[in-house]
Amino acid sequence: MAVIADRCPDVQVTVVDLNAERVAAWNDTDLTRLPVYEPGLDLVVGRARGRNLHFSTAVEAAIAAADMVFLSVNTPTKQRGVGAGQASDLRWIEASARQVAAAATGHTIVVEKSTLPVRTAEAVKAILDAAQGDAGSGKTFSVLSNPEFLAEGTAIADLERPDRVLIGGEDGDAIEALASIYGQWVPPERILRTNLWSSELSKLTANAFLAQRISSINSIAALCEVTGADVREVARAIGSDSRIGSRFLQAGPGFGGSCFQKDILNLVYLCRHFGLEDVAAYWQQVVDLNIWQQRRLSRKVVQSLFGTVTGKRLAVLGFAFKADTNDTRESPAIRICRDLLEEGACLAIVDPKVESRQISEDLGCPPLAAESPGEGGWLPADDPVAAARGADAVLILTEWSAYRQLDWPGIAAVMRRPAWLFDARAVADAAAARAAGLRVWRVGEG
Ligand code: UDX
């Protein structure tokens, strides 16, 4: 929404949320304190806020005044009931649709921005149609699907130069109204129009294909490690085939983030619902392999450290699910750290952007009091050298650029010998670490 406001000065954009604390943070005059860390976002918000970008808790007034409402609420995986663990929880989508139905005036275009299971628009439409049917309400609605393909860390660039914008719907005028907004900065050939169901399904499919590439390369990484091949050489060799392409072939600790696992599980649920058991099993395997990769990593660490990490200190560098974000949702670091805690390790965790409070929440335990000798606990560390002090191993779990130029002699000097580097992202200078006396394991290196 900030980018739309930035690119379309003639459009008034009001972002509303029930959470007053969050809205206040978006209105904070100190732009370094916005609730989401995303490179370049502060500049965009700084330019548009107060001009044609507003953040407010006045949800109903904003709906009443709007020509177009974007539903951009959370759709996490259901935790209980029918479809638990797979289907998306649509309670917030439904609640927002009801709120729009109640508060809207005149004609309103309702845009599904949240990632939704196929045919959700039907439910949204049914709720809006009921309001439209109320005699004398004067309300009419059009529903569009406009899924978001941005990736975190590169969100602003992805929005400013999208590969494509997808608009699904049945009402031609509504589609053109939304297309004319994007048309202010996106070339017309990149604005794709489809029916509602294709649009909803395209988002799930795009994420499933991307995640599948990561599970595929991670499966080959495991094979590289036992055969003496190097997964980066294999990735380069296959990636130069233009039919395969070079992106999304980076082996690592497995994919994380708020989308991939959730969307695949959703796809699996949909397939089962329609009786497509084999298709469901096919996509389920992409998630299973991802979890296997994370487990494989923690097992590798334990095995290498003579079969036990109980009472040993391990330095964990990076907790975010990828670099350039403070987001930890589904971060591979969570499962890997939990496994190691379960084994009794003491983890010293450092991440340039993730706060200790978030790590406590994700690991389900507060940090140890600094002085207590840790067994099965964790401590926040200020920097990689502090994390490595007295540690038997350093694990790199997020590809922060700073981890490409670590001071290996300085780190090795404070570690206990024999000392290990487990580089799950293959970003560290392995030669420098070896020269400093560390034993080095890199994902996908035989
Ligand atoms: C993803 C999609 O890319 C985006 O289009 C969609 O809108 C939301 O989901 P995001 O989750 O922000 O975006 O990050 P992405 O860059 O796709 O990375 C997802 C995960 O895959 C990260 O954990 C990342 O480290 C991992 N990954 C990515 C790899 O392990 N290897 C790769 O080659 C690429």
# chains A, B, ... in the order shown; residues from 1 in each chain; ligands from 1

$ residues_near_ligand --ligand "ligand 1" --cutoff "9 Å" --atoms "only C-alpha atoms and all ligand atoms" --output "PyMOL selection string"
chain A and resi 115+147-155+158+203+206-207+210-211+213-215+217-218+246-260+263+320-323+325+330-332+398-399+425

$ closest_atom_pairs --of "range 264-323 of chain A" --to "range 378-383 of chain A" --cutoff "10 Å" --atoms "only C-alpha atoms" --output "Markdown table"
| residue | atom | partner | partner_atom | distance |
| --- | --- | --- | --- | --- |
| A:Arg313 | CA | A:Trp378 | CA | 9.1 |
| A:Leu314 | CA | A:Trp378 | CA | 9.3 |
| A:Ala315 | CA | A:Ala381 | CA | 8.7 |
| A:Val316 | CA | A:Ala381 | CA | 9.2 |
| A:Leu317 | CA | A:Asp383 | CA | 8.7 |

$ write_last_selection --atoms "N, CA, C and O atoms" --output "PDB file, in the first residue's frame"
ATOM      1  N   ARG A 313      28.534 -25.560  24.314  1.00  0.00           N
ATOM      2  CA  ARG A 313      28.076 -24.270  23.794  1.00  0.00           C
ATOM      3  C   ARG A 313      28.210 -24.263  22.276  1.00  0.00           C
ATOM      4  O   ARG A 313      29.235 -24.652  21.724  1.00  0.00           O
ATOM      5  N   LEU A 314      27.145 -23.824  21.614  1.00  0.00           N
ATOM      6  CA  LEU A 314      27.149 -23.706  20.161  1.00  0.00           C
ATOM      7  C   LEU A 314      26.744 -22.279  19.803  1.00  0.00           C
ATOM      8  O   LEU A 314      25.795 -21.744  20.381  1.00  0.00           O
ATOM      9  N   ALA A 315      27.467 -21.679  18.853  1.00  0.00           N
ATOM     10  CA  ALA A 315      27.127 -20.318  18.429  1.00  0.00           C
ATOM     11  C   ALA A 315      26.219 -20.402  17.206  1.00  0.00           C
ATOM     12  O   ALA A 315      26.562 -21.078  16.235  1.00  0.00           O
ATOM     13  N   VAL A 316      25.074 -19.749  17.283  1.00  0.00           N
ATOM     14  CA  VAL A 316      24.144 -19.753  16.155  1.00  0.00           C
ATOM     15  C   VAL A 316      24.131 -18.357  15.532  1.00  0.00           C
ATOM     16  O   VAL A 316      23.745 -17.380  16.173  1.00  0.00           O
ATOM     17  N   LEU A 317      24.559 -18.274  14.279  1.00  0.00           N
ATOM     18  CA  LEU A 317      24.612 -16.989  13.582  1.00  0.00           C
ATOM     19  C   LEU A 317      23.437 -16.913  12.612  1.00  0.00           C
ATOM     20  O   LEU A 317      23.398 -17.620  11.609  1.00  0.00           O
TER      21      LEU A 317
END

$ residues_around --residues "Ala48 in chain A" --least-positions-apart "4" --cutoff "9 Å" --atoms "only C-alpha atoms" --output "PyMOL selection string"
chain A and resi 2-3+5-6+9+43-44+52-54

$ select_by_dssp --residues "range 111-243 of chain A" --states "alpha helix (DSSP H)" --output "ChimeraX atom specification"
/A:120-133,155-160,172-182,196-227,231-239

$ residues_around --residues "Thr140 in chain A" --least-positions-apart "3" --cutoff "8 Å" --atoms "only C-alpha atoms" --output "list in words"
Gly106, His107, Thr108, Asp129 and Gln132 of chain A

$ write_last_selection --atoms "N, CA and C atoms" --output "CSV table (one decimal), in the first residue's frame"
chain,number,residue,atom,x,y,z
A,106,GLY,N,-22.3,3.0,-1.2
A,106,GLY,CA,-22.2,3.1,-2.7
A,106,GLY,C,-21.6,1.9,-3.3
A,107,HIS,N,-20.8,2.0,-4.4
A,107,HIS,CA,-20.2,0.9,-5.0
A,107,HIS,C,-18.8,0.7,-4.5
A,108,THR,N,-18.4,-0.5,-4.1
A,108,THR,CA,-17.1,-0.8,-3.5
A,108,THR,C,-16.5,-2.0,-4.2
A,129,ASP,N,-22.9,-10.0,-1.1
A,129,ASP,CA,-24.2,-10.1,-1.8
A,129,ASP,C,-25.3,-9.9,-0.8
A,132,GLN,N,-25.7,-6.4,-0.2
A,132,GLN,CA,-26.2,-5.7,-1.4
A,132,GLN,C,-27.7,-5.9,-1.5

$ residues_around --residues "Ala428 in chain A" --least-positions-apart "3" --cutoff "12 Å" --atoms "only C-alpha atoms" --output "PyMOL selection string"
chain A and resi 317+394-408+421-425+431-434+440-443

$ closest_atom_pairs --of "range 304-413 of chain A" --to "range 290-298 of chain A" --cutoff "9 Å" --atoms "only C-alpha atoms" --output "Markdown table"
| residue | atom | partner | partner_atom | distance |
| --- | --- | --- | --- | --- |
| A:Pro332 | CA | A:Gln294 | CA | 6.4 |
| A:Ala333 | CA | A:Gln294 | CA | 8.3 |
| A:Arg335 | CA | A:Gln294 | CA | 6.8 |
| A:Ile336 | CA | A:Ser298 | CA | 5.5 |
| A:Cys337 | CA | A:Ser298 | CA | 7.8 |
| A:Asp339 | CA | A:Ser298 | CA | 6.5 |
| A:Leu340 | CA | A:Ser298 | CA | 6.4 |

$ atom_distance --atom1 "CA of Phe70 in chain A" --atom2 "CA of Glu189 in chain A"
23.1 Å

$ residues_around --residues "Val100 in chain A" --least-positions-apart "6" --cutoff "9 Å" --atoms "only C-alpha atoms" --output "ChimeraX atom specification"
/A:60,63-64,69,108,110,128

$ closest_residue --among "A:Ala430, A:Ile264, A:Ile411, A:Ala229" --to "Gly390 in chain A" --atoms "only C-alpha atoms"
A:Ile411
